[in-house]
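*Asks:* Sharing protein.txt, compact mmCIF, C-alpha atoms and all ligand atoms:
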# COMPACT_ATOMS: atom_id res chain seq x y z
CA MET P 10 216.97 221.77 -60.43
CA THR P 11 220.06 223.43 -61.83
CA LEU P 12 222.25 221.55 -64.24
CA GLU P 13 225.76 222.47 -65.22
CA ILE P 14 227.42 222.19 -68.63
CA LYS P 15 231.12 221.43 -69.03
CA ARG P 16 232.73 221.50 -72.45
CA LEU P 17 235.30 218.90 -73.55
CA HIS P 18 237.82 219.50 -76.29
CA LEU P 19 237.90 216.16 -78.09
CA ALA P 20 239.73 216.79 -81.36
CA SER P 21 240.47 219.22 -84.11
CA LEU P 22 239.98 218.60 -87.78
CA GLN P 23 240.02 220.37 -91.10
CA GLY P 24 236.63 221.99 -91.51
CA PRO P 25 234.72 222.40 -94.77
CA ASP P 26 236.15 225.93 -95.14
CA GLY P 27 239.72 224.61 -94.98
CA GLY P 28 240.30 226.04 -91.49
CA THR P 29 240.97 224.10 -88.33
CA TRP P 30 237.80 223.32 -86.42
CA PRO P 31 237.46 222.06 -82.87
CA VAL P 32 235.35 219.06 -81.94
CA HIS P 33 233.53 219.47 -78.65
CA GLY P 34 231.60 217.12 -76.45
CA PHE P 35 229.66 218.24 -73.38
CA VAL P 36 229.22 216.82 -69.92
CA VAL P 37 225.98 217.74 -68.20
CA THR P 38 226.16 217.19 -64.47
CA HIS P 39 223.05 215.65 -63.04
CA PRO P 40 222.19 214.35 -59.57
CA GLY P 41 221.38 210.95 -61.08
CA GLY P 42 224.79 210.65 -62.83
CA ALA P 43 226.54 212.64 -65.50
CA VAL P 44 225.35 212.77 -69.09
CA LEU P 45 227.74 212.97 -72.05
CA VAL P 46 226.58 214.65 -75.24
CA ASP P 47 228.62 213.35 -78.20
CA THR P 48 231.72 211.21 -77.77
CA GLY P 49 234.20 212.70 -80.26
CA VAL P 50 236.08 211.28 -83.20
CA GLY P 51 236.66 207.69 -84.20
CA GLY P 52 236.53 205.55 -87.31
CA PRO P 53 238.69 203.94 -89.95
CA GLN P 54 242.12 205.52 -90.37
CA ASP P 55 241.45 206.67 -93.96
CA VAL P 56 238.45 208.70 -92.76
CA LEU P 57 240.57 210.30 -90.02
CA ASP P 58 243.31 211.06 -92.56
CA ASP P 59 240.84 212.66 -94.97
CA TRP P 60 239.75 215.11 -92.29
CA ARG P 61 243.29 215.62 -90.90
CA VAL P 62 242.10 214.72 -87.46
CA VAL P 63 244.21 215.47 -84.42
CA ASN P 64 242.41 213.27 -81.98
CA ARG P 65 242.17 212.98 -78.22
CA SER P 66 240.78 210.16 -76.18
CA VAL P 67 237.54 211.06 -74.49
CA ALA P 68 238.88 209.43 -71.32
CA ASP P 69 241.79 211.91 -71.25
CA ALA P 70 239.38 214.81 -71.78
CA LEU P 71 237.17 213.57 -68.93
CA ALA P 72 240.23 213.19 -66.67
CA GLU P 73 240.69 216.97 -66.87
CA LEU P 74 237.34 217.26 -65.14
CA ASP P 75 238.42 214.64 -62.57
CA MET P 76 236.01 212.22 -64.18
CA SER P 77 236.34 208.86 -65.86
CA PRO P 78 234.13 207.08 -68.42
CA ALA P 79 232.56 205.12 -65.54
CA ASP P 80 231.08 208.39 -64.22
CA ILE P 81 228.98 208.76 -67.39
CA GLY P 82 225.59 207.16 -66.88
CA LEU P 83 224.01 208.07 -70.19
CA VAL P 84 225.18 209.19 -73.63
CA ILE P 85 223.25 211.36 -76.07
CA ASN P 86 224.41 211.47 -79.69
CA THR P 87 223.17 214.56 -81.50
CA HIS P 88 223.66 212.53 -84.68
CA LEU P 89 225.74 209.63 -85.98
CA HIS P 90 228.63 211.23 -87.86
CA PHE P 91 232.14 209.94 -87.08
CA ASP P 92 233.06 213.08 -85.10
CA HIS P 93 230.04 212.81 -82.78
CA CYS P 94 229.75 209.09 -82.03
CA GLY P 95 233.33 208.05 -82.77
CA GLN P 96 234.16 206.93 -79.23
CA ASN P 97 230.80 205.52 -78.19
CA ALA P 98 232.51 202.16 -77.59
CA VAL P 99 234.23 203.67 -74.53
CA PHE P 100 230.79 203.85 -72.88
CA LYS P 101 229.50 200.33 -73.41
CA HIS P 102 227.99 200.46 -69.90
CA ALA P 103 225.73 203.37 -70.89
CA PRO P 104 222.64 203.60 -73.06
CA PHE P 105 222.91 205.79 -76.19
CA TYR P 106 219.98 208.13 -76.75
CA VAL P 107 219.58 208.56 -80.50
CA GLN P 108 216.67 209.32 -82.80
CA ARG P 109 215.42 206.16 -84.48
CA ALA P 110 215.43 208.02 -87.82
CA GLU P 111 219.13 208.78 -87.38
CA LEU P 112 220.17 205.20 -86.74
CA SER P 113 218.31 204.00 -89.83
CA ARG P 114 219.85 206.82 -91.88
CA MET P 115 223.32 205.75 -90.84
CA ARG P 116 222.60 202.11 -91.54
CA ARG P 117 221.37 203.07 -95.00
CA GLU P 118 223.92 205.75 -95.99
CA SER P 119 227.08 204.70 -94.16
CA SER P 120 226.95 200.95 -93.81
CA GLU P 121 230.76 200.86 -93.69
CA LEU P 122 230.89 203.15 -90.65
CA TYR P 123 227.93 201.40 -89.11
CA GLU P 124 229.85 198.16 -89.21
CA TRP P 125 233.11 199.71 -88.08
CA PHE P 126 231.44 201.02 -84.94
CA GLY P 127 229.96 197.61 -84.20
CA PHE P 128 226.68 199.22 -83.34
CA MET P 129 224.88 195.92 -83.15
CA ASP P 130 226.32 195.46 -79.65
CA ALA P 131 225.35 198.88 -78.38
CA ARG P 132 222.46 199.52 -76.07
CA PHE P 133 220.40 202.10 -77.94
CA GLU P 134 217.50 204.03 -76.54
CA LEU P 135 215.77 204.89 -79.82
CA LEU P 136 213.70 208.08 -79.72
CA ASP P 137 210.81 209.16 -81.90
CA GLY P 138 210.69 212.93 -81.63
CA ASP P 139 211.12 215.45 -78.80
CA THR P 140 211.76 213.62 -75.54
CA GLU P 141 212.47 214.40 -71.90
CA VAL P 142 215.58 212.38 -71.11
CA LEU P 143 215.88 213.36 -67.44
CA PRO P 144 214.24 216.10 -65.39
CA GLY P 145 215.63 219.36 -66.79
CA LEU P 146 217.21 217.66 -69.81
CA ASP P 147 215.39 217.26 -73.11
CA VAL P 148 216.20 216.49 -76.70
CA ILE P 149 214.40 218.21 -79.56
CA THR P 150 214.45 217.02 -83.14
CA THR P 151 216.23 219.34 -85.55
CA PRO P 152 216.44 217.50 -88.87
CA GLY P 153 218.23 218.99 -91.85
CA HIS P 154 221.92 218.50 -91.13
CA THR P 155 221.02 214.84 -91.04
CA GLU P 156 217.60 213.28 -91.12
CA GLY P 157 217.58 212.35 -87.44
CA HIS P 158 219.61 215.18 -85.92
CA GLN P 159 218.65 216.30 -82.41
CA CYS P 160 219.67 219.16 -80.14
CA VAL P 161 219.90 219.02 -76.35
CA VAL P 162 218.05 221.44 -74.08
CA VAL P 163 219.57 221.88 -70.62
CA ARG P 164 217.70 223.73 -67.91
CA THR P 165 220.33 225.83 -66.19
CA GLY P 166 218.17 228.31 -64.32
CA LYS P 167 215.25 228.28 -61.97
CA GLY P 168 211.58 228.47 -62.83
CA GLY P 169 209.59 227.33 -65.82
CA GLY P 170 208.26 223.86 -66.33
CA GLU P 171 208.28 223.54 -70.06
CA VAL P 172 211.00 223.96 -72.60
CA GLY P 173 211.15 227.66 -73.25
CA GLY P 174 209.40 228.43 -69.97
CA GLY P 175 212.52 228.79 -67.84
CA SER P 176 216.03 229.73 -68.75
CA PHE P 177 217.87 227.01 -70.59
CA ASP P 178 220.94 226.44 -72.71
CA LEU P 179 221.07 224.66 -76.02
CA LEU P 180 223.72 222.18 -77.17
CA ILE P 181 223.19 222.67 -80.86
CA GLY P 182 225.25 219.76 -82.24
CA ASP P 183 225.73 220.32 -85.96
CA ALA P 184 222.34 221.96 -86.50
CA ALA P 185 224.60 225.00 -86.94
CA TYR P 186 228.36 224.67 -87.43
CA THR P 187 229.05 228.24 -86.36
CA PRO P 188 227.24 231.28 -84.91
CA ARG P 189 226.86 232.64 -88.44
CA GLN P 190 224.63 229.79 -89.63
CA TYR P 191 222.63 230.07 -86.43
CA ALA P 192 222.13 233.83 -86.87
CA GLU P 193 221.39 233.82 -90.59
CA PRO P 194 219.81 230.57 -91.74
CA GLY P 195 218.51 232.34 -94.86
CA ARG P 196 222.01 232.92 -96.26
CA ASP P 197 222.74 231.14 -99.47
CA ASN P 198 226.31 229.91 -99.36
CA LEU P 199 226.17 227.36 -96.59
CA PRO P 200 229.37 225.49 -95.72
CA PRO P 201 229.47 222.10 -97.47
CA GLY P 202 227.80 219.51 -95.30
CA GLN P 203 225.80 221.94 -93.18
CA ALA P 204 222.47 220.82 -94.59
CA SER P 205 221.57 217.58 -96.32
CA ASP P 206 218.11 219.08 -96.80
CA VAL P 207 218.25 222.88 -96.88
CA GLU P 208 214.56 223.70 -96.38
CA THR P 209 214.18 221.28 -93.49
CA TRP P 210 217.39 222.61 -92.02
CA ARG P 211 216.12 226.22 -92.15
CA GLU P 212 212.93 225.20 -90.43
CA SER P 213 214.91 223.57 -87.64
CA ILE P 214 216.97 226.71 -87.06
CA ARG P 215 213.77 228.75 -86.90
CA LYS P 216 212.36 226.29 -84.38
CA ILE P 217 215.45 226.58 -82.19
CA ARG P 218 215.54 230.37 -82.37
CA SER P 219 211.86 230.64 -81.45
CA LEU P 220 212.62 228.83 -78.18
CA ARG P 221 215.04 231.63 -77.24
CA PRO P 222 217.82 229.68 -75.56
CA GLU P 223 219.85 231.75 -73.12
CA HIS P 224 223.14 230.35 -74.45
CA VAL P 225 223.95 228.27 -77.50
CA HIS P 226 226.98 225.94 -77.40
CA PHE P 227 228.55 224.70 -80.64
CA CYS P 228 230.39 221.47 -81.45
CA HIS P 229 232.67 223.06 -84.02
CA HIS P 230 233.07 226.61 -82.76
CA THR P 231 234.38 227.97 -79.47
CA ALA P 232 232.02 230.95 -79.21
CA ILE P 233 229.00 230.71 -76.93
CA VAL P 234 226.10 232.74 -78.28
CA HIS P 235 224.08 234.73 -75.71
CA SER P 236 220.61 235.84 -76.58
ZN ZN P 301 230.38 217.43 -86.74
Will you turn the file into structure tokens for me?
*Replies:*
Amino acid sequence: MTLEIKRLHLASLQGPDGGTWPVHGFVVTHPGGAVLVDTGVGGPQDVLDDWRVVNRSVADALAELDMSPADIGLVINTHLHFDHCGQNAVFKHAPFYVQRAELSRMRRESSELYEWFGFMDARFELLDGDTEVLPGLDVITTPGHTEGHQCVVVRTGKGGGEVGGGSFDLLIGDAAYTPRQYAEPGRDNLPPGQASDVETWRESIRKIRSLRPEHVHFCHHTAIVHS
């Protein structure tokens, strides 16, 4: 089965280096209904002001693909920062696939945001580790940016049964902000916020690289890395 990835431009904000960074979400087309990976920016106005967010509604971004929120059958959040789960509420009809460790981290570290998002009402599918979400679509745990961060593996080519066995693309989330962190995880001066736990983060990048994804798609960078 061949799946297709379509990138959404959901916002721009001031990145940790002072430059303007994009915020991407991704639609993965699937015969059983489309999957959305990350929902863009939302949160209290002071948070948006701090990051100088120029925001878009995810519904407008989907409209450019001739889609509406109702077409999304399932949402995956790579992690629960305000620029990745900010518009989850638009998809109340869909389950949110999140690592259990990530939801408890958010509850613990960002109780204010947790309450703002009203997550108690959401239908979570809590995951414990690497999981096949749908045929050809998997999540793999990549802790380090946050404790429960996950990346999404999308089989885009033919052949191969296991992850790494056929050709696949990787939606890296914030496991790497830019191609540089992906290419050189050993570098010292990481952008602020890249890793909450540097050693764990480095291990996750090594894990991803050893899988040899054909393409890597970033949330905060427009380049697509080919390997
Ligand atoms: Zn982010």
*Asks:* Within 8 Å of ligand ZN 301 (chain P), which residues show up when you count only C-alpha atoms and all ligand atoms? List them as a ChimeraX atom specification, please.
*Replies:* /P:32,90-93,182-183,186,228-229
*Asks:* Between P:Glu13, P:Glu121, P:Asp69, P:Asp139, which is the closest to His158 (chain P) once you count all atoms listed in the file?
*Replies:*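 Among P:Glu13, P:Glu121, P:Asp69, P:Asp139, it is P:Asp139 that comes nearest to His158 (chain P).
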*Asks:* Which of these, P:Arg132, P:Thr187, P:Gln159, P:Ser119, has the shortest distance to Asp47 (chain P) once you count only C-alpha atoms?
*Replies:*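 Using only C-alpha atoms, the shortest distance to Asp47 (chain P) belongs to P:Gln159.
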*Asks:* Here is a test: counting all atoms listed in the file, which residue of P:Val142, P:Ala98, P:Leu179, P:Leu89 is nearest to Gly157 (chain P)?
*Replies:*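 Of P:Val142, P:Ala98, P:Leu179, P:Leu89, the one nearest Gly157 (chain P) is P:Leu89, counting all atoms listed in the file.
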*Asks:* Quick one: axis-aligned box around all listed atoms of region 67-78 of chain P, 3 Å on every side, centre and edge lengths in Å to one decimal, written as lines of an AutoDock Vina configuration file.
*Replies:*
center_x = 238.0
center_y = 212.2
center_z = -68.5
size_x = 13.7
size_y = 16.2
size_z = 17.9
*Asks:* Quote the spacing between CA of Thr48 (chain P) and CA of Asn198 (chain P) in Å to one decimal place.
*Replies:*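 Between CA of Thr48 (chain P) and CA of Asn198 (chain P) the gap is 29.1 Å.
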*Asks:* Just give me the gap between CA of Ile233 (chain P) and CA of Cys94 (chain P) in Å, one decimal is fine.
*Replies:*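 So the two atoms, CA of Ile233 (chain P) and CA of Cys94 (chain P), lie 22.2 Å apart.
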*Asks:* Using only C-alpha atoms, determine which residues lie at most 6 Å from region 207-214 of chain P, disregarding the query and same-chain residues fewer than 2 positions distant; provide the list as a count of residues only.
*Replies:* 6
*Asks:* Between P:Trp60, P:Tyr191, P:Phe100, P:Tyr106, which has the minimum distance to Asp137 (chain P) (counting only C-alpha atoms)?
*Replies:*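 Looking only at the distances to Asp137 (chain P), the closest residue turns out to be P:Tyr106.
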*Asks:* Choose the residue, out of P:Ala131, P:Ala184, P:Val36, P:Leu12, that has the smallest atom-to-atom separation from Asp75 (chain P); count all atoms listed in the file.
*Replies:*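 Using all atoms listed in the file, Asp75 (chain P) sits closest to P:Val36.
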*Asks:* Out of P:Arg218, P:His226, P:Arg65, P:His88, which residue has the shortest atom-to-atom distance to His154 (chain P) when counting all atoms listed in the file?
*Replies:*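 Answer, going by the shortest atom-to-atom distance: P:His88.
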*Asks:* To one decimal in Å, tell me the separation between CA of Thr11 (chain P) and CA of Gly175 (chain P).
*Replies:* 11.0 Å
*Asks:* Leu122 (chain P): which residues within 10 Å, counting all atoms listed in the file, same-chain residues fewer than 6 positions away excluded, as a list in words?
*Replies:*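 Listing them by chain and then by number gives Gly51, Gly52, Pro53, Val56, Leu89, His90, Phe91, Gly95, Met115, Arg116 and Phe128 of chain P.
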*Asks:* Restore N, CA and C atoms in region 74-103 of chain P and list the result as a PDB file, in the frame of the given file.
*Replies:*
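Full text of rebuild-v7.pdb as output:
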ATOM      1  N   LEU P  74     238.444 216.856 -66.015  1.00  0.00           N
ATOM      2  CA  LEU P  74     237.340 217.260 -65.140  1.00  0.00           C
ATOM      3  C   LEU P  74     237.296 216.365 -63.884  1.00  0.00           C
ATOM      4  N   ASP P  75     238.385 215.626 -63.668  1.00  0.00           N
ATOM      5  CA  ASP P  75     238.420 214.640 -62.570  1.00  0.00           C
ATOM      6  C   ASP P  75     237.305 213.617 -62.708  1.00  0.00           C
ATOM      7  N   MET P  76     237.035 213.236 -63.931  1.00  0.00           N
ATOM      8  CA  MET P  76     236.010 212.220 -64.180  1.00  0.00           C
ATOM      9  C   MET P  76     236.614 211.094 -65.004  1.00  0.00           C
ATOM     10  N   SER P  77     235.931 209.973 -65.005  1.00  0.00           N
ATOM     11  CA  SER P  77     236.340 208.860 -65.860  1.00  0.00           C
ATOM     12  C   SER P  77     235.101 208.382 -66.619  1.00  0.00           C
ATOM     13  N   PRO P  78     235.294 207.562 -67.664  1.00  0.00           N
ATOM     14  CA  PRO P  78     234.130 207.080 -68.420  1.00  0.00           C
ATOM     15  C   PRO P  78     233.083 206.410 -67.523  1.00  0.00           C
ATOM     16  N   ALA P  79     233.514 205.794 -66.428  1.00  0.00           N
ATOM     17  CA  ALA P  79     232.560 205.120 -65.540  1.00  0.00           C
ATOM     18  C   ALA P  79     231.584 206.104 -64.889  1.00  0.00           C
ATOM     19  N   ASP P  80     231.968 207.379 -64.816  1.00  0.00           N
ATOM     20  CA  ASP P  80     231.080 208.390 -64.220  1.00  0.00           C
ATOM     21  C   ASP P  80     229.936 208.781 -65.151  1.00  0.00           C
ATOM     22  N   ILE P  81     230.025 208.394 -66.423  1.00  0.00           N
ATOM     23  CA  ILE P  81     228.980 208.760 -67.390  1.00  0.00           C
ATOM     24  C   ILE P  81     227.890 207.691 -67.360  1.00  0.00           C
ATOM     25  N   GLY P  82     226.693 208.117 -67.006  1.00  0.00           N
ATOM     26  CA  GLY P  82     225.590 207.160 -66.880  1.00  0.00           C
ATOM     27  C   GLY P  82     224.759 207.038 -68.141  1.00  0.00           C
ATOM     28  N   LEU P  83     224.909 207.993 -69.030  1.00  0.00           N
ATOM     29  CA  LEU P  83     224.010 208.070 -70.190  1.00  0.00           C
ATOM     30  C   LEU P  83     224.690 208.911 -71.264  1.00  0.00           C
ATOM     31  N   VAL P  84     224.592 208.457 -72.503  1.00  0.00           N
ATOM     32  CA  VAL P  84     225.180 209.190 -73.630  1.00  0.00           C
ATOM     33  C   VAL P  84     224.065 209.635 -74.565  1.00  0.00           C
ATOM     34  N   ILE P  85     224.144 210.878 -75.012  1.00  0.00           N
ATOM     35  CA  ILE P  85     223.250 211.360 -76.070  1.00  0.00           C
ATOM     36  C   ILE P  85     224.120 211.646 -77.290  1.00  0.00           C
ATOM     37  N   ASN P  86     223.758 211.096 -78.437  1.00  0.00           N
ATOM     38  CA  ASN P  86     224.410 211.470 -79.690  1.00  0.00           C
ATOM     39  C   ASN P  86     223.486 212.427 -80.437  1.00  0.00           C
ATOM     40  N   THR P  87     223.996 213.634 -80.728  1.00  0.00           N
ATOM     41  CA  THR P  87     223.170 214.560 -81.500  1.00  0.00           C
ATOM     42  C   THR P  87     222.856 213.957 -82.870  1.00  0.00           C
ATOM     43  N   HIS P  88     223.856 213.258 -83.421  1.00  0.00           N
ATOM     44  CA  HIS P  88     223.660 212.530 -84.680  1.00  0.00           C
ATOM     45  C   HIS P  88     224.811 211.552 -84.831  1.00  0.00           C
ATOM     46  N   LEU P  89     224.781 210.731 -85.870  1.00  0.00           N
ATOM     47  CA  LEU P  89     225.740 209.630 -85.980  1.00  0.00           C
ATOM     48  C   LEU P  89     226.756 209.875 -87.093  1.00  0.00           C
ATOM     49  N   HIS P  90     227.441 211.017 -87.040  1.00  0.00           N
ATOM     50  CA  HIS P  90     228.630 211.230 -87.860  1.00  0.00           C
ATOM     51  C   HIS P  90     229.847 210.835 -87.036  1.00  0.00           C
ATOM     52  N   PHE P  91     230.973 210.526 -87.753  1.00  0.00           N
ATOM     53  CA  PHE P  91     232.140 209.940 -87.080  1.00  0.00           C
ATOM     54  C   PHE P  91     232.754 210.846 -86.019  1.00  0.00           C
ATOM     55  N   ASP P  92     232.475 212.162 -86.086  1.00  0.00           N
ATOM     56  CA  ASP P  92     233.060 213.080 -85.100  1.00  0.00           C
ATOM     57  C   ASP P  92     232.118 213.337 -83.921  1.00  0.00           C
ATOM     58  N   HIS P  93     231.004 212.627 -83.867  1.00  0.00           N
ATOM     59  CA  HIS P  93     230.040 212.810 -82.780  1.00  0.00           C
ATOM     60  C   HIS P  93     229.735 211.507 -82.032  1.00  0.00           C
ATOM     61  N   CYS P  94     229.984 210.388 -82.688  1.00  0.00           N
ATOM     62  CA  CYS P  94     229.750 209.090 -82.030  1.00  0.00           C
ATOM     63  C   CYS P  94     230.991 208.217 -82.087  1.00  0.00           C
ATOM     64  N   GLY P  95     232.141 208.825 -82.453  1.00  0.00           N
ATOM     65  CA  GLY P  95     233.330 208.050 -82.770  1.00  0.00           C
ATOM     66  C   GLY P  95     233.871 207.213 -81.622  1.00  0.00           C
ATOM     67  N   GLN P  96     233.625 207.679 -80.381  1.00  0.00           N
ATOM     68  CA  GLN P  96     234.160 206.930 -79.230  1.00  0.00           C
ATOM     69  C   GLN P  96     233.033 206.380 -78.350  1.00  0.00           C
ATOM     70  N   ASN P  97     231.909 206.129 -78.937  1.00  0.00           N
ATOM     71  CA  ASN P  97     230.800 205.520 -78.190  1.00  0.00           C
ATOM     72  C   ASN P  97     231.228 204.224 -77.494  1.00  0.00           C
ATOM     73  N   ALA P  98     232.137 203.478 -78.131  1.00  0.00           N
ATOM     74  CA  ALA P  98     232.510 202.160 -77.590  1.00  0.00           C
ATOM     75  C   ALA P  98     233.152 202.258 -76.207  1.00  0.00           C
ATOM     76  N   VAL P  99     233.653 203.467 -75.863  1.00  0.00           N
ATOM     77  CA  VAL P  99     234.230 203.670 -74.530  1.00  0.00           C
ATOM     78  C   VAL P  99     233.146 203.578 -73.448  1.00  0.00           C
ATOM     79  N   PHE P 100     231.899 203.745 -73.855  1.00  0.00           N
ATOM     80  CA  PHE P 100     230.790 203.850 -72.880  1.00  0.00           C
ATOM     81  C   PHE P 100     229.804 202.686 -73.042  1.00  0.00           C
ATOM     82  N   LYS P 101     230.361 201.502 -73.186  1.00  0.00           N
ATOM     83  CA  LYS P 101     229.500 200.330 -73.410  1.00  0.00           C
ATOM     84  C   LYS P 101     228.520 200.093 -72.263  1.00  0.00           C
ATOM     85  N   HIS P 102     228.854 200.628 -71.079  1.00  0.00           N
ATOM     86  CA  HIS P 102     227.990 200.460 -69.900  1.00  0.00           C
ATOM     87  C   HIS P 102     226.770 201.385 -69.956  1.00  0.00           C
ATOM     88  N   ALA P 103     226.781 202.338 -70.892  1.00  0.00           N
ATOM     89  CA  ALA P 103     225.730 203.370 -70.890  1.00  0.00           C
ATOM     90  C   ALA P 103     224.789 203.201 -72.076  1.00  0.00           C
TER      91      ALA P 103
END
